[in-house]
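The structure under discussion appears below in the form of structure tokens.
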2 protein chains.
Amino acid sequence: MGGPAPKMVSDAESAPVFAKPPVTLREVAAAAGVSVATASKALNGQGRMTAETRERIRETARILGFRPNHLAQSLLRKRSFTVGLLTNDTYGRFSLPLMAGVSDALVDNGVSVFLCNVEDDHRLGQLHVEAMLDKRVDGIIATGKRIDRHLPVDLSNLRIPVVYAFTQPDPGAVGLVSDDAGGARLAVEHFRRLGRRRIAHVSGPASFEVVNTRADAYRAALQENNLPVSEPLLGAWSEGWGHEAVARLFGGGEERPDAVFCGNDQIARGVIDALRERGIAVPDDVGVIGFDNWEIVAEATRPPLTSVDMNLAALGREAGLALLSLVGGQPAAPGIRKLPCRLVVRQSCGSPPG
Amino acid sequence: MGGPAPKMVSDAESAPVFAKPPVTLREVAAAAGVSVATASKALNGQGRMTAETRERIRETARILGFRPNHLAQSLLRKRSFTVGLLTNDTYGRFSLPLMAGVSDALVDNGVSVFLCNVEDDHRLGQLHVEAMLDKRVDGIIATGKRIDRHLPVDLSNLRIPVVYAFTQPDPGAVGLVSDDAGGARLAVEHFRRLGRRRIAHVSGPASFEVVNTRADAYRAALQENNLPVSEPLLGAWSEGWGHEAVARLFGGGEERPDAVFCGNDQIARGVIDALRERGIAVPDDVGVIGFDNWEIVAEATRPPLTSVDMNLAALGREAGLALLSLVGGQPAAPGIRKLPCRLVVRQSCGSPPG
DNA sequence: GCGGGTTGGGAAAAGGTTTTCTCAAGTAGA
DNA sequence: TCTACTTGAGAAAACCTTTTCCCAACCCGC
């Protein structure tokens with residue numbers, strides 16, 4: 001109690017800097033000795049005034065640390081430079097790269113993103129959409145965890161543009177998805193180039209549209225290349241199913257595959273582990289390709305897994321840009337646009353013979 | 001060209017519903033035959049008027065589908081009901097549940113969340129923070145991928161409150177992290193209750209603070225229980241390191257552990273696989289516990305992995321609520337608050353003997 | 001019938017910015 | 001010297017809501 005009072009820091013530096021209100025345009029104008037109208041025009045490069053005046057105002061603004069209030073601007077311009085991102089895959093693996101891509105594309109244009117996780121809850125979805133509408137977002141991007149399911153929200157009669165990415169679009173809307181068929185073809189072609197001839201396909205449940213899309217493309221690609229077509233094995237998206245599929249493919253006496261194209265990386269992981277346990281060498285005896293290119297899985301398999309990457313970040317970018325042009329008044333062609341996949345080659349397929 | 005023109009849909013239903021401006025309070029007031037002031041008060045339950053008038057205005061608003069413009073409200077109230085969420089872990093595993101928790105806590109209070117991914121780019125971070133400030137967010141939550149690193153942004157002298165969750169807080173700020181020591185203790189105690197006595201610890205690089213925190217707690221818990229303390233094995237966060245650690249622990253002639261507590265689920269996965277390959281049974285011969293409870297990994301190990309869950313969603317919720325009370329003017333106690341972990345029991349530890 | 005209190009509702013300012021319009025002064029041409 | 005432009009800058013409306021007065025009408029008791 002008796003000691004010297006603690007040294008006081010200068011008021012500007014100390015304690016709750018909160019509530020010190022931001023500098024307004026009015027203050028800048030006053031400091032520069034002009035009207036707010038002139039100040040506004042000076043800072044925006046509008047209107048007519050001497051270069052000297054403009055510069056003086058700008059300098060004043062800079063010194064005062066003036067930053068225009070976007071709320072006021074938005075109110076006037078009827079454009080908030082804000083979009084909503086709706087997803088039901090917050091924990092999942094797909095929406096993340098996608099969100100990063102979206103955010104990426106938009107930030108460069110000064111647009112911020114409201115992230116909204118609606119789970120599979122209709123009420124929550126409605127709540128979020130209304131909140132976004134109230135906040136006057138310029139548009140909405142809807143994304144999810146599978147492309148053959150709707151989000152639990154009705155986005156069809158909003159007064160703002162909506163873009164769907166990696167989720168089922170409403171009819172007549174703009175939708176972006178990965179080209180799964182192309183991805184499957186990429187895998188088959190890669191195997192063919194490496195001289196593999198008996199290529200099996202192990203994928204997820206038939207209830208997923210992508211499973212059928214990829215399976216069809218797989219069959220078509222085999223036929224085009226005059227390779228023997230074997231029926232795809234459809235099961236679950238799990239490692240366990242990969243194990244089981246290997247038991248079926250390599251358990252019997254019939255001719256064994258020398259390549260397995262898997263519907264996702266977890267199945268591929270299961271396949272590779274099961275093959276190893278059977279003493280079948282990857283990639284020497286059998287090549288394996290996964291789907292999704294989930295790095296954490298693909299790089300942990302032994303050997304590291306070659307996988308089809310859906311380019312989700314790019315897809316997100318495209319979605320962001322599409323929404324932007326829609327917001328800008330450009331009429332975008334409705335319908336579903338498919339973006340190409342790419343093959344990320346690691347060591348699970350081996351090198352070309354010779 | 002000669003055919004009948006396509007049937008026209010009614011104008012209200014058709015084409016670019018865009019740009020049809022939202023209903024304003026003024027219109028509601030006009031329709032109800034009152035002034036905007038009265039209309040505002042009617043809808044907000046303020047002011048004095050006959051119940052009949054109030055009800056009539058409300059009904060009119062309902063019919064017209066009036067929704068107040070939050071931009072205008074925010075401008076006036078100097079409160080945007082919007083917060084920024086800053087992360088450098090967009091692709092990662094930690095920020096997602098955390099973000100969901102934050103978003104969860106805030107949505108219930110009508111607050112929306114701007115998601116900003118700053119990667120490790122200082123410039124990008126600055127950009128985002130300024131954008132958020134310009135948009136007049138009420139506060140900021142900073143989160144990251146490890147608790148001993150700063151985000152590449154300076155949040156220390158903002159005029160709005162900041163809460164740090166799962167990232168290193170600035171001195172004097174409010175920070176929330178998981179109780180890693182407690183989590184480690186949870187694991188050791190669980191092993192002890194199951195009768196395991198020789199408990200090893202395999203973790204990530206010593207350069208991570210959590211590695212040391214957990215290792216210290218592990219040692220302390222062993223000592224408290226009069227169990228033999230063996231030096232933790234520190235390496236990488238990978239499956240590969242799990243394999244290698246097993247080689248070291250079970251390769252030599254010395255006494256082998258009957259339990260392994262791992263620094264994350266990937267290491268644990270590697271440990272379990274390596275044990276199986278050596279013919280050591282899990283959980284019969286050796287129990288294994290992981291950390292993070294990354295379900296997709298924990299449930300794919302054979303047997304499924306018991307793991308320490310950091311309760312990140314709860315942590316996010318707490319962060320959201322803390323920020324909310326800060327924004328509301330409640331002075332929150334600065335400093336780091338640790339939230340308890342929980343053990344998610346699966347089958348990798350076995351049941352109690354007898 | 002009249003002062004004082006209550007009741008129902010409106011006018012107007014405020015919030016920060018942009019934009020259109022207006023206006024005074026200056027310049028050029030006749 | 002007068003007219004016709006141009007130039008530089010300000011006033012004011014607009015965006016939409018909230019809130020603080022303010023005012024008229026009514027009711028009460030005397």
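Each chain in the structure tokens gets a letter, A, B, ..., in the order shown, and its residues are numbered from 1; ligands are numbered from 1 in order too.
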
Do you know which residues are at most 6 Å from Val113 (chain A) counting only C-alpha atoms (C1' of nucleotides), after dropping those on the same chain fewer than 6 positions away, and could you put them as a tab-separated table (two decimals) with all heavy atoms, in the first residue's frame?
```tsv
chain	number	residue	atom	x	y	z
A	82	THR	N	-20.28	-8.45	-48.95
A	82	THR	CA	-20.37	-9.53	-47.98
A	82	THR	C	-21.16	-10.66	-48.62
A	82	THR	O	-22.17	-10.40	-49.25
A	82	THR	CB	-21.13	-8.99	-46.75
A	82	THR	OG1	-20.26	-8.21	-45.96
A	82	THR	CG2	-21.71	-10.09	-45.93
A	83	VAL	N	-20.70	-11.89	-48.49
A	83	VAL	CA	-21.51	-13.00	-48.97
A	83	VAL	C	-21.62	-14.06	-47.88
A	83	VAL	O	-20.80	-14.11	-46.96
A	83	VAL	CB	-20.95	-13.65	-50.25
A	83	VAL	CG1	-20.66	-12.62	-51.32
A	83	VAL	CG2	-19.71	-14.45	-49.94
A	84	GLY	N	-22.62	-14.86	-47.99
A	84	GLY	CA	-22.81	-15.94	-47.03
A	84	GLY	C	-22.35	-17.25	-47.62
A	84	GLY	O	-22.56	-17.54	-48.79
B	114	PHE	N	-17.63	-13.73	-39.54
B	114	PHE	CA	-16.79	-13.63	-40.74
B	114	PHE	C	-15.63	-14.60	-40.62
B	114	PHE	O	-14.84	-14.51	-39.68
B	114	PHE	CB	-16.19	-12.23	-40.87
B	114	PHE	CG	-17.14	-11.23	-41.44
B	114	PHE	CD1	-17.39	-10.04	-40.77
B	114	PHE	CD2	-17.77	-11.44	-42.65
B	114	PHE	CE1	-18.26	-9.11	-41.29
B	114	PHE	CE2	-18.64	-10.50	-43.17
B	114	PHE	CZ	-18.89	-9.34	-42.48
B	115	LEU	N	-15.52	-15.50	-41.56
B	115	LEU	CA	-14.40	-16.43	-41.53
B	115	LEU	C	-13.24	-15.86	-42.34
B	115	LEU	O	-13.40	-15.49	-43.50
B	115	LEU	CB	-14.81	-17.76	-42.13
B	115	LEU	CG	-13.63	-18.71	-42.32
B	115	LEU	CD1	-13.04	-19.10	-40.98
B	115	LEU	CD2	-14.04	-19.93	-43.10
```

Practice prompt. For chain A, report every residue with an atom at most 7 Å from chain B (counting only C-alpha atoms), formatted as a PyMOL selection string.
Written response: chain A and resi 17-20+67-72+75+90-91+96-97+100+112-115+117+134-135+159-160+239+300

Take the residues just selected and output them with C-alpha atoms as a PDB file, in the first residue's frame.
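Result written to again_1.pdb:
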```pdb
ATOM      1  CA  VAL A  17      -8.844   1.493 -25.880  1.00  0.00           C
ATOM      2  CA  PHE A  18     -12.336   0.250 -26.637  1.00  0.00           C
ATOM      3  CA  ALA A  19     -15.027   2.743 -27.345  1.00  0.00           C
ATOM      4  CA  LYS A  20     -12.659   5.377 -28.613  1.00  0.00           C
ATOM      5  CA  ARG A  67     -11.172   4.470 -42.504  1.00  0.00           C
ATOM      6  CA  PRO A  68     -14.552   4.774 -44.136  1.00  0.00           C
ATOM      7  CA  ASN A  69     -17.421   3.114 -42.341  1.00  0.00           C
ATOM      8  CA  HIS A  70     -18.519   0.250 -44.534  1.00  0.00           C
ATOM      9  CA  LEU A  71     -21.878   0.095 -42.837  1.00  0.00           C
ATOM     10  CA  ALA A  72     -22.683   3.577 -44.032  1.00  0.00           C
ATOM     11  CA  LEU A  75     -26.433   1.282 -46.686  1.00  0.00           C
ATOM     12  CA  THR A  90     -18.320 -28.166 -41.142  1.00  0.00           C
ATOM     13  CA  TYR A  91     -16.477 -31.082 -39.702  1.00  0.00           C
ATOM     14  CA  LEU A  96     -12.680 -26.838 -46.100  1.00  0.00           C
ATOM     15  CA  PRO A  97     -10.535 -26.540 -49.167  1.00  0.00           C
ATOM     16  CA  ALA A 100     -10.577 -21.584 -48.549  1.00  0.00           C
ATOM     17  CA  SER A 112     -15.929 -10.885 -46.719  1.00  0.00           C
ATOM     18  CA  VAL A 113     -17.500 -14.250 -46.097  1.00  0.00           C
ATOM     19  CA  PHE A 114     -20.050 -15.185 -43.471  1.00  0.00           C
ATOM     20  CA  LEU A 115     -19.545 -18.790 -42.566  1.00  0.00           C
ATOM     21  CA  ASN A 117     -22.890 -24.187 -40.565  1.00  0.00           C
ATOM     22  CA  ASP A 134     -31.074  -9.236 -42.826  1.00  0.00           C
ATOM     23  CA  LYS A 135     -27.405  -8.407 -42.928  1.00  0.00           C
ATOM     24  CA  ARG A 159     -33.741 -11.838 -54.131  1.00  0.00           C
ATOM     25  CA  ILE A 160     -30.014 -12.292 -54.221  1.00  0.00           C
ATOM     26  CA  GLU A 239     -10.866 -48.859 -44.787  1.00  0.00           C
ATOM     27  CA  ALA A 300       0.584 -42.064 -44.647  1.00  0.00           C
TER      28      ALA A 300
END
```

Practice prompt. Quick one: everything within 7 Å of Cys341 (chain B), counting only C-alpha atoms (C1' of nucleotides), minus sequence neighbours fewer than 2 positions away in the same chain. Send it as a list of chain:residue names.
Written response: B:Ser178, B:Asp179, B:Gly182, B:Gly183, B:Val308, B:Asp309, B:Met310, B:Asn311, B:Leu339, B:Leu343

How would the residues just chosen look if you wrote them out with N, CA and C atoms as a compact mmCIF listing (two decimals), in the first residue's frame?
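Just written: out.txt:
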```txt
# COMPACT_ATOMS: atom_id res chain seq x y z
N SER B 178 -7.06 -25.87 -24.38
CA SER B 178 -7.44 -27.12 -23.73
C SER B 178 -6.44 -27.43 -22.63
N ASP B 179 -6.89 -28.19 -21.66
CA ASP B 179 -6.03 -28.55 -20.55
C ASP B 179 -5.26 -29.82 -20.92
N GLY B 182 -4.19 -32.08 -18.07
CA GLY B 182 -5.33 -32.86 -17.61
C GLY B 182 -5.64 -34.02 -18.55
N GLY B 183 -5.53 -33.75 -19.84
CA GLY B 183 -5.79 -34.79 -20.82
C GLY B 183 -4.82 -35.95 -20.66
N VAL B 308 -8.02 -39.12 -26.27
CA VAL B 308 -8.34 -37.93 -25.48
C VAL B 308 -8.90 -36.87 -26.41
N ASP B 309 -10.07 -36.38 -26.07
CA ASP B 309 -10.73 -35.37 -26.90
C ASP B 309 -10.56 -34.01 -26.25
N MET B 310 -10.10 -33.04 -27.01
CA MET B 310 -9.85 -31.72 -26.45
C MET B 310 -11.10 -30.86 -26.35
N ASN B 311 -12.22 -31.41 -26.74
CA ASN B 311 -13.47 -30.65 -26.63
C ASN B 311 -13.38 -29.31 -27.35
N LEU B 339 -9.59 -25.44 -20.54
CA LEU B 339 -10.82 -26.22 -20.50
C LEU B 339 -10.49 -27.70 -20.50
N LEU B 343 -12.03 -38.24 -22.07
CA LEU B 343 -11.51 -39.46 -22.69
C LEU B 343 -12.65 -40.17 -23.41
```

Worksheet entry | Neighbours of chain D in chain A at 8 Å, counting only C-alpha atoms (C1' of nucleotides), as a PyMOL selection string | chain A and resi 35+37-38+48-50+75-77

Compile a residue-level contact table for chain C against chain A at a cut-off of 12 Å, reporting for every qualifying residue the shortest atom pair and its distance in Å to one decimal, with only C-alpha atoms (C1' of nucleotides) counted, rows ordered by chain and ascending number, as CSV.
```
residue,atom,partner,partner_atom,distance
C:DG15,C1',A:Ala72,CA,8.2
C:DG16,C1',A:Ala72,CA,5.2
C:DT17,C1',A:Ala72,CA,5.5
C:DT18,C1',A:Leu76,CA,7.1
C:DT19,C1',A:Ala37,CA,8.8
C:DT20,C1',A:Ala37,CA,11.0
```

Worksheet item: Hey, what does DSSP flag as helix (DSSP H, G or I) within region 104-333 of chain A? Can you give it to me as a ChimeraX atom specification?
Response: /A:104-107,122-134,180-193,209-224,239-251,265-277,295-298,312-327
